[in-house]
$ cat query-v3.cif   # mmCIF, C-alpha atoms and all ligand atoms
data_protein
loop_
_atom_site.label_atom_id
_atom_site.label_comp_id
_atom_site.auth_asym_id
_atom_site.auth_seq_id
_atom_site.Cartn_x
_atom_site.Cartn_y
_atom_site.Cartn_z
CA MET A 939 131.06 94.88 89.43
CA LYS A 940 130.52 98.62 88.80
CA PRO A 941 127.07 99.56 90.07
CA VAL A 942 124.34 100.71 87.72
CA TYR A 943 123.33 103.41 90.13
CA MET A 944 119.72 104.56 89.88
CA ASP A 945 119.10 105.52 93.50
CA ASN A 946 120.04 109.20 93.42
CA ASN A 947 117.10 110.33 95.57
CA ALA A 948 118.64 108.24 98.36
CA THR A 949 122.06 109.78 97.88
CA THR A 950 124.37 110.87 95.08
CA ARG A 951 127.94 110.30 94.10
CA VAL A 952 130.22 113.19 95.13
CA ALA A 953 131.16 114.94 91.88
CA PRO A 954 134.89 114.66 91.07
CA GLU A 955 135.31 118.46 90.94
CA VAL A 956 133.54 118.74 94.31
CA LEU A 957 135.84 116.15 95.89
CA GLU A 958 138.89 117.86 94.45
CA ALA A 959 137.80 121.24 95.84
CA MET A 960 137.19 119.96 99.38
CA LEU A 961 140.27 117.75 99.91
CA PRO A 962 142.84 120.50 100.71
CA TYR A 963 140.59 121.67 103.55
CA PHE A 964 141.24 118.45 105.48
CA HIS A 965 145.02 118.50 105.60
CA GLU A 966 146.35 121.72 104.12
CA PHE A 967 143.94 124.51 105.05
CA TYR A 968 142.57 122.98 108.22
CA GLY A 969 142.35 126.16 110.31
CA ASN A 970 139.24 127.06 112.25
CA PRO A 971 137.42 129.77 110.28
CA SER A 972 136.63 131.60 113.55
CA SER A 973 140.31 131.90 114.52
CA MET A 974 141.99 135.30 114.65
CA HIS A 975 145.04 134.13 112.65
CA SER A 976 145.13 134.42 108.91
CA PHE A 977 145.55 130.62 108.56
CA GLY A 978 141.94 130.33 109.76
CA GLY A 979 140.95 133.53 108.02
CA GLN A 980 141.72 132.12 104.59
CA VAL A 981 139.32 129.26 105.31
CA MET A 982 136.65 131.76 106.36
CA LYS A 983 137.05 133.41 102.95
CA GLN A 984 136.24 130.10 101.25
CA VAL A 985 133.24 129.52 103.54
CA ARG A 986 132.03 132.98 102.51
CA LYS A 987 132.43 132.03 98.86
CA ALA A 988 130.47 128.78 99.40
CA ARG A 989 127.68 130.76 101.04
CA GLU A 990 127.51 132.96 97.96
CA GLN A 991 127.49 129.95 95.64
CA VAL A 992 124.59 128.31 97.51
CA ALA A 993 122.70 131.62 97.67
CA ALA A 994 123.10 132.06 93.91
CA LEU A 995 121.51 128.65 93.23
CA LEU A 996 118.46 129.65 95.29
CA GLY A 997 118.10 133.29 94.29
CA ALA A 998 118.86 134.23 97.90
CA SER A 999 121.32 136.53 99.70
CA PRO A 1000 124.38 134.98 101.37
CA GLU A 1001 123.25 136.17 104.86
CA GLU A 1002 120.10 134.09 104.39
CA ILE A 1003 122.10 130.83 104.22
CA ILE A 1004 122.67 128.88 107.45
CA PHE A 1005 124.89 125.80 107.15
CA THR A 1006 123.60 122.79 109.10
CA SER A 1007 124.56 119.12 109.28
CA CYS A 1008 121.83 117.74 106.99
CA GLY A 1009 118.30 118.11 105.64
CA THR A 1010 116.86 116.57 108.78
CA GLU A 1011 118.48 119.18 111.00
CA SER A 1012 117.26 121.98 108.72
CA ASP A 1013 113.70 120.63 108.84
CA ASN A 1014 113.77 120.25 112.64
CA THR A 1015 115.23 123.73 113.05
CA ALA A 1016 112.56 125.36 110.89
CA ILE A 1017 109.67 123.89 112.87
CA HIS A 1018 111.36 124.45 116.22
CA SER A 1019 112.09 128.08 115.40
CA ALA A 1020 108.56 128.86 114.24
CA LEU A 1021 106.99 127.38 117.37
CA SER A 1022 109.48 129.07 119.71
CA ARG A 1023 108.88 132.46 118.14
CA HIS A 1024 105.09 132.08 118.17
CA PRO A 1025 104.32 130.44 121.52
CA ASP A 1026 100.71 131.59 121.35
CA LYS A 1027 100.04 129.54 118.17
CA LYS A 1028 99.46 125.80 118.44
CA HIS A 1029 98.63 124.64 114.93
CA ILE A 1030 100.91 123.14 112.24
CA VAL A 1031 99.91 122.45 108.63
CA THR A 1032 101.79 119.82 106.67
CA SER A 1033 101.01 116.93 104.30
CA ARG A 1034 100.64 113.16 104.57
CA VAL A 1035 103.51 112.54 102.18
CA GLU A 1036 106.31 114.47 103.90
CA HIS A 1037 109.65 112.88 104.67
CA PRO A 1038 110.10 111.45 108.20
CA ALA A 1039 112.33 114.48 108.95
CA ILE A 1040 109.08 116.47 109.14
CA ARG A 1041 106.55 113.74 109.94
CA ALA A 1042 108.37 112.48 113.02
CA VAL A 1043 108.71 116.03 114.37
CA CYS A 1044 105.00 116.69 113.85
CA ALA A 1045 104.04 113.35 115.39
CA HIS A 1046 106.08 114.26 118.46
CA LEU A 1047 104.57 117.75 118.64
CA ALA A 1048 101.08 116.26 118.44
CA THR A 1049 101.83 114.60 121.79
CA GLN A 1050 102.92 117.96 123.22
CA GLY A 1051 99.64 119.83 122.79
CA TYR A 1052 99.99 120.94 119.17
CA ARG A 1053 97.29 120.37 116.58
CA VAL A 1054 98.73 118.98 113.34
CA THR A 1055 96.79 119.04 110.06
CA GLU A 1056 98.26 116.54 107.59
CA LEU A 1057 96.79 117.43 104.23
CA PRO A 1058 95.81 114.47 102.06
CA VAL A 1059 96.90 114.01 98.43
CA ASP A 1060 94.91 112.56 95.55
CA ALA A 1061 95.62 109.31 93.69
CA GLU A 1062 98.27 111.12 91.63
CA GLY A 1063 100.01 112.49 94.71
CA ARG A 1064 98.71 116.05 94.17
CA LEU A 1065 97.78 118.59 96.79
CA ASP A 1066 94.39 120.30 96.69
CA LEU A 1067 95.00 124.04 97.16
CA GLU A 1068 91.36 124.67 98.16
CA GLN A 1069 91.68 122.17 100.97
CA TYR A 1070 95.02 123.72 101.90
CA LYS A 1071 93.43 127.17 102.07
CA ARG A 1072 90.68 125.90 104.35
CA ALA A 1073 93.26 124.39 106.74
CA LEU A 1074 94.94 127.75 107.45
CA THR A 1075 93.76 129.45 110.63
CA PRO A 1076 94.86 132.41 112.79
CA ASP A 1077 96.28 129.77 115.17
CA THR A 1078 98.59 128.30 112.50
CA ALA A 1079 102.22 128.83 113.56
CA ILE A 1080 103.86 127.22 110.53
CA ILE A 1081 103.14 125.48 107.26
CA SER A 1082 105.67 122.90 106.11
CA LEU A 1083 105.21 121.36 102.67
CA MET A 1084 107.78 119.54 100.60
CA TRP A 1085 108.65 121.00 97.21
CA ALA A 1086 109.07 117.61 95.55
CA ASN A 1087 108.32 114.16 96.85
CA ASN A 1088 111.30 111.88 97.38
CA GLU A 1089 109.42 108.71 96.40
CA THR A 1090 107.34 109.78 93.40
CA GLY A 1091 109.04 113.02 92.35
CA VAL A 1092 105.64 114.77 92.30
CA ILE A 1093 106.08 118.54 92.61
CA PHE A 1094 103.75 120.53 94.87
CA PRO A 1095 102.59 124.04 93.82
CA ILE A 1096 104.90 125.62 96.37
CA GLU A 1097 105.00 129.13 94.91
CA LYS A 1098 101.20 129.37 95.07
CA ALA A 1099 101.04 127.79 98.55
CA ALA A 1100 103.68 130.24 99.84
CA GLU A 1101 101.77 133.21 98.43
CA MET A 1102 98.59 132.05 100.17
CA ALA A 1103 100.52 131.75 103.44
CA ARG A 1104 101.99 135.22 103.05
CA GLU A 1105 98.52 136.70 102.45
CA ARG A 1106 97.56 135.30 105.87
CA ASN A 1107 100.80 136.22 107.59
CA ILE A 1108 101.68 132.57 108.34
CA LEU A 1109 105.29 131.33 108.27
CA PHE A 1110 105.99 129.04 105.33
CA HIS A 1111 108.71 126.39 105.26
CA THR A 1112 109.48 124.03 102.41
CA ASP A 1113 111.53 120.85 102.48
CA ALA A 1114 113.23 121.28 99.13
CA VAL A 1115 115.79 118.51 99.69
CA GLN A 1116 114.75 116.70 96.50
CA ALA A 1117 113.95 119.77 94.43
CA VAL A 1118 117.16 121.80 94.73
CA GLY A 1119 119.43 121.24 91.77
CA LYS A 1120 116.74 119.46 89.76
CA ILE A 1121 114.27 122.27 89.13
CA PRO A 1122 114.87 126.04 89.05
CA ILE A 1123 114.19 127.80 92.36
CA ASP A 1124 114.11 131.56 92.74
CA LEU A 1125 113.48 132.67 96.29
CA ALA A 1126 113.69 136.33 95.30
CA LYS A 1127 110.34 135.85 93.57
CA THR A 1128 108.69 133.41 96.00
CA PRO A 1129 107.56 134.39 99.51
CA ILE A 1130 109.03 131.34 101.24
CA ASP A 1131 110.32 132.09 104.74
CA MET A 1132 112.44 128.98 105.26
CA LEU A 1133 113.76 126.23 102.99
CA SER A 1134 115.76 123.06 103.69
CA LEU A 1135 118.30 121.45 101.41
CA SER A 1136 120.79 118.63 101.76
CA GLY A 1137 124.23 118.40 100.17
CA HIS A 1138 124.29 114.66 99.55
CA LYS A 1139 121.31 114.87 97.18
CA LEU A 1140 123.22 117.16 94.82
CA HIS A 1141 126.66 115.57 94.51
CA ALA A 1142 128.16 117.07 97.68
CA PRO A 1143 129.09 114.80 100.61
CA LYS A 1144 126.79 113.49 103.30
CA GLY A 1145 126.59 115.50 106.50
CA ILE A 1146 126.07 118.99 105.17
CA GLY A 1147 122.80 120.86 104.77
CA VAL A 1148 121.38 124.35 104.59
CA LEU A 1149 118.49 126.17 106.14
CA TYR A 1150 117.54 129.21 104.10
CA LEU A 1151 116.08 131.88 106.38
CA ARG A 1152 114.49 134.88 104.71
CA LYS A 1153 115.90 138.18 105.94
CA GLY A 1154 113.67 139.63 108.65
CA THR A 1155 112.16 136.25 109.64
CA LYS A 1156 112.20 135.86 113.42
CA PHE A 1157 114.45 132.95 114.34
CA SER A 1158 115.29 130.84 117.33
CA PRO A 1159 118.33 128.52 117.00
CA PHE A 1160 117.97 124.79 117.48
CA MET A 1161 121.65 124.14 118.13
CA LEU A 1162 122.92 126.39 120.89
CA GLY A 1163 126.64 126.92 121.25
CA GLY A 1164 129.23 129.25 119.73
CA HIS A 1165 128.57 132.30 117.62
CA GLN A 1166 129.00 130.46 114.30
CA GLU A 1167 126.54 131.21 111.51
CA ARG A 1168 125.83 134.58 113.19
CA GLY A 1169 124.65 132.83 116.31
CA ARG A 1170 122.01 130.93 114.38
CA ARG A 1171 123.68 127.51 114.50
CA GLY A 1172 126.36 126.69 117.06
CA GLY A 1173 129.18 124.28 116.22
CA THR A 1174 132.50 124.62 114.39
CA GLU A 1175 131.79 124.81 110.68
CA ALA A 1176 132.32 121.61 108.65
CA THR A 1177 134.61 123.56 106.37
CA PRO A 1178 135.54 120.85 103.78
CA SER A 1179 131.86 119.96 103.36
CA ILE A 1180 130.72 123.57 103.19
CA ILE A 1181 133.28 124.30 100.48
CA ALA A 1182 132.16 121.13 98.69
CA LEU A 1183 128.54 122.22 98.84
CA GLY A 1184 129.43 125.58 97.33
CA VAL A 1185 131.06 123.89 94.33
CA ALA A 1186 128.17 121.41 94.08
CA ALA A 1187 125.68 124.30 94.03
CA GLU A 1188 127.54 125.94 91.18
CA LEU A 1189 127.68 122.63 89.33
CA ALA A 1190 123.96 122.06 89.90
CA GLN A 1191 123.19 125.43 88.35
CA LYS A 1192 125.35 124.52 85.35
CA ASN A 1193 123.71 121.09 85.02
CA MET A 1194 120.09 122.22 85.48
CA GLU A 1195 119.48 122.22 81.73
CA ILE A 1196 121.02 118.74 81.36
CA GLU A 1197 118.83 117.47 84.23
CA ASN A 1198 115.74 118.67 82.41
CA THR A 1199 116.69 117.41 78.96
CA PHE A 1200 119.22 114.55 79.01
CA VAL A 1201 118.34 113.05 82.42
CA LYS A 1202 114.62 113.49 81.79
CA GLY A 1203 115.07 111.74 78.44
CA LEU A 1204 116.80 108.79 80.13
CA ARG A 1205 114.03 108.61 82.74
CA ASP A 1206 111.33 108.64 80.04
CA ARG A 1207 113.12 105.96 78.04
CA LEU A 1208 113.40 103.74 81.13
CA GLU A 1209 109.78 104.33 82.11
CA ASN A 1210 108.25 103.89 78.65
CA THR A 1211 110.24 100.74 77.92
CA ILE A 1212 109.21 99.14 81.22
CA LEU A 1213 105.55 100.06 80.70
CA SER A 1214 105.50 98.69 77.15
CA THR A 1215 107.43 95.45 77.78
CA ILE A 1216 106.09 94.34 81.18
CA PRO A 1217 102.33 93.84 81.69
CA ASN A 1218 100.52 95.08 84.81
CA THR A 1219 102.87 97.98 85.46
CA LYS A 1220 101.91 101.53 86.30
CA VAL A 1221 103.65 104.79 87.14
CA ASN A 1222 102.80 106.11 90.59
CA GLY A 1223 102.21 109.84 90.76
CA GLU A 1224 101.39 112.56 88.32
CA ARG A 1225 103.67 112.34 85.30
CA VAL A 1226 103.68 116.01 84.27
CA ASN A 1227 104.61 117.98 87.39
CA ARG A 1228 107.39 115.67 88.40
CA LEU A 1229 111.14 115.78 89.02
CA PRO A 1230 112.95 115.03 85.76
CA ASN A 1231 115.07 112.25 87.29
CA THR A 1232 112.45 110.19 89.15
CA THR A 1233 110.04 107.42 88.25
CA ASN A 1234 108.14 105.25 90.69
CA ILE A 1235 106.75 102.15 89.00
CA SER A 1236 104.49 99.47 90.44
CA PHE A 1237 104.86 95.88 89.26
CA GLU A 1238 101.59 94.29 90.25
CA PHE A 1239 101.63 91.06 92.33
CA VAL A 1240 105.36 91.23 93.04
CA GLU A 1241 107.24 92.20 96.22
CA GLY A 1242 109.41 95.27 95.69
CA GLU A 1243 112.08 93.72 97.92
CA GLY A 1244 112.19 90.66 95.64
CA ILE A 1245 112.82 92.88 92.63
CA LEU A 1246 115.54 94.78 94.48
CA LEU A 1247 117.28 91.56 95.48
CA MET A 1248 117.21 90.15 91.95
CA MET A 1249 118.38 93.45 90.46
CA ASP A 1250 121.17 93.49 93.01
CA GLU A 1251 122.62 90.37 91.34
CA TYR A 1252 123.34 92.63 88.37
CA ALA A 1253 124.53 95.48 90.65
CA ILE A 1254 121.47 97.53 89.71
CA CYS A 1255 120.73 99.96 92.56
CA ALA A 1256 117.21 101.31 93.02
CA SER A 1257 114.86 101.58 95.95
CA SER A 1258 111.47 100.38 97.12
CA GLY A 1259 109.79 103.23 98.96
CA SER A 1260 111.96 105.95 100.48
CA ALA A 1261 115.51 105.18 101.59
CA CYS A 1262 114.60 105.86 105.18
CA THR A 1263 111.73 103.38 105.21
CA SER A 1264 113.39 100.59 103.24
CA GLY A 1265 113.90 97.56 105.41
CA SER A 1266 110.27 97.75 106.44
CA LEU A 1267 107.83 95.58 104.51
CA GLN A 1268 104.95 98.04 104.93
CA PRO A 1269 103.98 99.84 101.74
CA SER A 1270 105.33 103.37 102.08
CA HIS A 1271 103.23 106.10 103.72
CA VAL A 1272 103.38 108.03 100.44
CA LEU A 1273 101.80 105.28 98.34
CA ARG A 1274 99.26 104.59 101.08
CA ALA A 1275 98.33 108.29 101.19
CA MET A 1276 97.74 108.11 97.42
CA GLY A 1277 95.44 105.13 97.93
CA ILE A 1278 97.49 102.83 95.68
CA PRO A 1279 96.00 99.33 95.96
CA PHE A 1280 97.93 96.88 98.13
CA THR A 1281 98.98 94.59 95.26
CA MET A 1282 100.42 97.57 93.41
CA ALA A 1283 101.96 99.44 96.36
CA HIS A 1284 103.91 96.37 97.49
CA GLY A 1285 105.66 96.01 94.16
CA SER A 1286 106.76 99.59 93.73
CA ILE A 1287 110.27 100.51 92.71
CA ARG A 1288 111.75 103.98 92.58
CA PHE A 1289 114.41 104.64 89.97
CA SER A 1290 116.13 107.99 90.42
CA LEU A 1291 118.74 109.03 87.89
CA SER A 1292 121.49 111.62 87.65
CA VAL A 1293 123.76 113.22 85.09
CA TYR A 1294 126.14 110.28 85.58
CA ASN A 1295 123.72 107.77 84.02
CA ASN A 1296 123.71 106.89 80.33
CA GLU A 1297 121.63 105.13 77.68
CA GLU A 1298 123.59 101.87 77.95
CA GLU A 1299 122.63 101.63 81.60
CA ILE A 1300 118.97 102.23 80.79
CA ASP A 1301 119.08 99.44 78.20
CA PHE A 1302 120.92 97.17 80.62
CA VAL A 1303 118.12 97.58 83.17
CA THR A 1304 115.22 97.30 80.72
CA GLU A 1305 116.67 94.09 79.27
CA ARG A 1306 117.10 92.44 82.65
CA LEU A 1307 113.84 93.49 84.28
CA PRO A 1308 111.28 91.48 82.21
CA PRO A 1309 112.75 88.06 83.12
CA ILE A 1310 113.13 89.17 86.76
CA ILE A 1311 109.46 90.10 86.97
CA GLU A 1312 108.41 86.95 85.13
CA THR A 1313 110.39 84.79 87.58
CA LEU A 1314 108.92 86.55 90.61
CA ARG A 1315 105.40 86.42 89.25
CA GLY A 1316 105.88 82.72 88.59
CA MET A 1317 106.31 82.34 92.35
CA SER A 1318 103.42 84.65 93.30
CA PRO A 1319 100.13 83.01 94.29
CA TYR A 1320 98.34 86.34 93.64
CA TRP A 1321 99.67 86.52 90.09
CA LYS A 1322 98.68 82.90 89.36
CA THR A 1323 95.14 83.49 90.63
CA SER A 1324 94.79 86.71 88.71
CA ALA A 1325 96.18 85.19 85.51
CA ARG A 1326 93.78 82.24 85.85
CA LEU A 1327 90.83 84.60 86.30
CA CYS A 1328 91.95 86.47 83.19
CA GLY A 1329 92.18 83.20 81.27
CA GLU A 1330 95.96 83.42 80.86
CA ALA A 1331 96.91 80.36 82.90
N1 LIG A 1401 113.64 115.55 103.16
C1 LIG A 1401 113.53 114.82 102.05
C2 LIG A 1401 112.44 115.09 101.08
C3 LIG A 1401 114.45 113.78 101.81
O1 LIG A 1401 114.33 113.03 100.71
C4 LIG A 1401 115.47 113.54 102.77
C5 LIG A 1401 116.41 112.41 102.59
O2 LIG A 1401 116.13 111.42 101.95
C6 LIG A 1401 115.54 114.37 103.89
C7 LIG A 1401 114.61 115.36 104.06
C8 LIG A 1401 116.60 114.18 104.93
O3 LIG A 1401 117.84 114.68 104.49
P1 LIG A 1401 119.18 114.23 105.18
O4 LIG A 1401 119.45 112.84 104.75
O5 LIG A 1401 120.23 115.19 104.68
O6 LIG A 1401 118.99 114.36 106.64
#
$ encode --input "query-v3.cif" --output "structure tokens"
Amino acid sequence: MKPVYMDNNATTRVAPEVLEAMLPYFHEFYGNPSSMHSFGGQVMKQVRKAREQVAALLGASPEEIIFTSCGTESDNTAIHSALSRHPDKKHIVTSRVEHPAIRAVCAHLATQGYRVTELPVDAEGRLDLEQYKRALTPDTAIISLMWANNETGVIFPIEKAAEMARERNILFHTDAVQAVGKIPIDLAKTPIDMLSLSGHKLHAPKGIGVLYLRKGTKFSPFMLGGHQERGRRGGTEATPSIIALGVAAELAQKNMEIENTFVKGLRDRLENTILSTIPNTKVNGERVNRLPNTTNISFEFVEGEGILLMMDEYAICASSGSACTSGSLQPSHVLRAMGIPFTMAHGSIRFSLSVYNNEEEIDFVTERLPPIIETLRGMSPYWKTSARLCGEA
């Protein structure tokens, strides 16, 4: 059965043109880009082109692009570099809804003598800029805030937050893994010092990422080794994946308009139909400042895992909580930070779309979901009690 794939915040399909561009670099042009011979040199030329393509998507210069292995490595590198270059500063500012790629690093650092401020969010997943301002101190070595949340799609006011950091001379990093390719980003106009992105969220393969490092920002490499990436990240370049990411970046730029019209339209159709046909449902997170492809919906009194399993029978792919926390029955840290009540948080499903979805798929899902929820609620003691109290059963 062909999957009805609505889990694009977990990972995306490699675009056909991206796959086609990378394949020759496995078996035909397999030289090492650092080699002296021209066989390797021609690969270096393509790596250079990919660097330009990624830079263009971000409004950056090619020298500001460091290829890494993934978003997680980029996030780790950013924090590590800031702390190494500012050994006198012991404070980190972040938020309660960051991805584990940042949270786990901060949790570890908190055991190593660093003070970590995790800013709260409100019930809609929004950050309070006044509270943020108050958290910044002369001891703050780095601020790391995500541009868009992977579970709810809620977008933080990153431009404003970066400006406030710059006014105080504090390094600012953003985890833009979910934002890049979905919303316009122009680093020429935004005083962000470091930014992380991940190829597999924008139709490039898994295992390739980027750390953007603003020119002039002091840096300390995380991965020590060869002189690759101007000595900023050791390790032979993953040339097929780098070339793929370049093409994916160009494609993302081309598709940005479609993301914000067609994909957003599909998302809204899915969301509105679910809300109007299934009782006791609610969208988690602010609906205005949100990624165009994401909706996180709570189905009260139902287990998210139950919904996923029943949707799986129809090959419908979605997610409950973030991909990295699925498998755990705890409501996600993001929904808990938003104070979503237990009976709602447990039944939350994230649908995340892409340009490869279509209206037929949306209708397929919205037709199958009501009976799935009805069946699961029929088995839920909470639902029966609540329905009885409301005089429905
Ligand atoms: N940051 C965010 C917001 C993410 O959603 C993810 C992946 O889900 C990551 C970081 C980690 O990226 P990667 O899987 O490339 O390590």
$ closest_atom_pairs --input "query-v3.cif" --of "chain A" --to "ligand LIG 1401 (chain A)" --cutoff "9 Å" --atoms "all atoms listed in the file" --output "JSON lines"
{"residue": "A:Asn947", "atom": "CA", "partner": "A:LIG1401", "partner_atom": "O1", "distance": 6.4}
{"residue": "A:Ala948", "atom": "CA", "partner": "A:LIG1401", "partner_atom": "O2", "distance": 5.4}
{"residue": "A:Thr949", "atom": "CA", "partner": "A:LIG1401", "partner_atom": "O2", "distance": 7.4}
{"residue": "A:Ser1007", "atom": "CA", "partner": "A:LIG1401", "partner_atom": "O5", "distance": 7.4}
{"residue": "A:Cys1008", "atom": "CA", "partner": "A:LIG1401", "partner_atom": "O5", "distance": 3.8}
{"residue": "A:Gly1009", "atom": "CA", "partner": "A:LIG1401", "partner_atom": "O5", "distance": 3.6}
{"residue": "A:Thr1010", "atom": "CA", "partner": "A:LIG1401", "partner_atom": "O6", "distance": 3.7}
{"residue": "A:Glu1011", "atom": "CA", "partner": "A:LIG1401", "partner_atom": "O6", "distance": 6.5}
{"residue": "A:Ser1012", "atom": "CA", "partner": "A:LIG1401", "partner_atom": "O6", "distance": 8.1}
{"residue": "A:Asp1013", "atom": "CA", "partner": "A:LIG1401", "partner_atom": "C7", "distance": 7.2}
{"residue": "A:Glu1036", "atom": "CA", "partner": "A:LIG1401", "partner_atom": "C2", "distance": 6.8}
{"residue": "A:His1037", "atom": "CA", "partner": "A:LIG1401", "partner_atom": "N1", "distance": 5.0}
{"residue": "A:Pro1038", "atom": "CA", "partner": "A:LIG1401", "partner_atom": "C7", "distance": 7.3}
{"residue": "A:Ala1039", "atom": "CA", "partner": "A:LIG1401", "partner_atom": "C7", "distance": 5.5}
{"residue": "A:Ile1040", "atom": "CA", "partner": "A:LIG1401", "partner_atom": "N1", "distance": 7.6}
{"residue": "A:Met1084", "atom": "CA", "partner": "A:LIG1401", "partner_atom": "C2", "distance": 6.5}
{"residue": "A:Trp1085", "atom": "CA", "partner": "A:LIG1401", "partner_atom": "C2", "distance": 8.0}
{"residue": "A:Ala1086", "atom": "CA", "partner": "A:LIG1401", "partner_atom": "C2", "distance": 6.9}
{"residue": "A:Asn1087", "atom": "CA", "partner": "A:LIG1401", "partner_atom": "C2", "distance": 6.0}
{"residue": "A:Asn1088", "atom": "CA", "partner": "A:LIG1401", "partner_atom": "O1", "distance": 4.6}
{"residue": "A:Glu1089", "atom": "CA", "partner": "A:LIG1401", "partner_atom": "O1", "distance": 7.8}
{"residue": "A:Asp1113", "atom": "CA", "partner": "A:LIG1401", "partner_atom": "N1", "distance": 5.7}
{"residue": "A:Ala1114", "atom": "CA", "partner": "A:LIG1401", "partner_atom": "C2", "distance": 6.5}
{"residue": "A:Val1115", "atom": "CA", "partner": "A:LIG1401", "partner_atom": "C1", "distance": 4.9}
{"residue": "A:Gln1116", "atom": "CA", "partner": "A:LIG1401", "partner_atom": "C2", "distance": 5.4}
{"residue": "A:Ala1117", "atom": "CA", "partner": "A:LIG1401", "partner_atom": "C2", "distance": 8.3}
{"residue": "A:Ser1134", "atom": "CA", "partner": "A:LIG1401", "partner_atom": "C7", "distance": 7.8}
{"residue": "A:Leu1135", "atom": "CA", "partner": "A:LIG1401", "partner_atom": "O5", "distance": 7.3}
{"residue": "A:Ser1136", "atom": "CA", "partner": "A:LIG1401", "partner_atom": "O5", "distance": 4.5}
{"residue": "A:Gly1137", "atom": "CA", "partner": "A:LIG1401", "partner_atom": "O5", "distance": 6.8}
{"residue": "A:His1138", "atom": "CA", "partner": "A:LIG1401", "partner_atom": "O5", "distance": 6.6}
{"residue": "A:Lys1139", "atom": "CA", "partner": "A:LIG1401", "partner_atom": "O5", "distance": 7.6}
{"residue": "A:Lys1144", "atom": "CA", "partner": "A:LIG1401", "partner_atom": "O5", "distance": 6.9}
{"residue": "A:Gly1145", "atom": "CA", "partner": "A:LIG1401", "partner_atom": "O5", "distance": 6.6}
{"residue": "A:Ile1146", "atom": "CA", "partner": "A:LIG1401", "partner_atom": "O5", "distance": 7.0}
{"residue": "A:Gly1147", "atom": "CA", "partner": "A:LIG1401", "partner_atom": "O5", "distance": 6.2}
{"residue": "A:Ser1260", "atom": "CA", "partner": "A:LIG1401", "partner_atom": "O2", "distance": 7.0}
{"residue": "A:Ala1261", "atom": "CA", "partner": "A:LIG1401", "partner_atom": "O2", "distance": 6.3}
{"residue": "A:Cys1262", "atom": "CA", "partner": "A:LIG1401", "partner_atom": "O2", "distance": 6.6}
$ closest_residue --input "query-v3.cif" --among "A:Asp945, A:Glu1241, A:Asp1066, A:Glu1312" --to "Ile1216 (chain A)" --atoms "only C-alpha atoms"
A:Glu1312
$ closest_residue --input "query-v3.cif" --among "A:Leu1183, A:Val1221, A:Ala1042, A:Leu1083" --to "Gln984 (chain A)" --atoms "all atoms listed in the file"
A:Leu1183
$ closest_residue --input "query-v3.cif" --among "A:Asn1296, A:Thr1215, A:Gln1069, A:Ser1290" --to "Ser1258 (chain A)" --atoms "all atoms listed in the file"
A:Ser1290
$ atom_distance --input "query-v3.cif" --atom1 "CA of Gln1191 (chain A)" --atom2 "CA of Gln1166 (chain A)"
27.1 Å
$ closest_residue --input "query-v3.cif" --among "A:Glu1299, A:Lys1322, A:Ile1017, A:Gly1051" --to "Ile1081 (chain A)" --atoms "only C-alpha atoms"
A:Ile1017
$ residues_around --input "query-v3.cif" --residues "Lys983 (chain A)" --least-positions-apart "4" --cutoff "12 Å" --atoms "all atoms listed in the file" --output "list in words"
Phe967, Gly969, Asn970, Pro971, Ser972, Ser976, Phe977, Gly978, Gly979, Lys987, Ala988, Arg989, Glu990, Thr1177, Ile1180 and Ile1181 of chain A
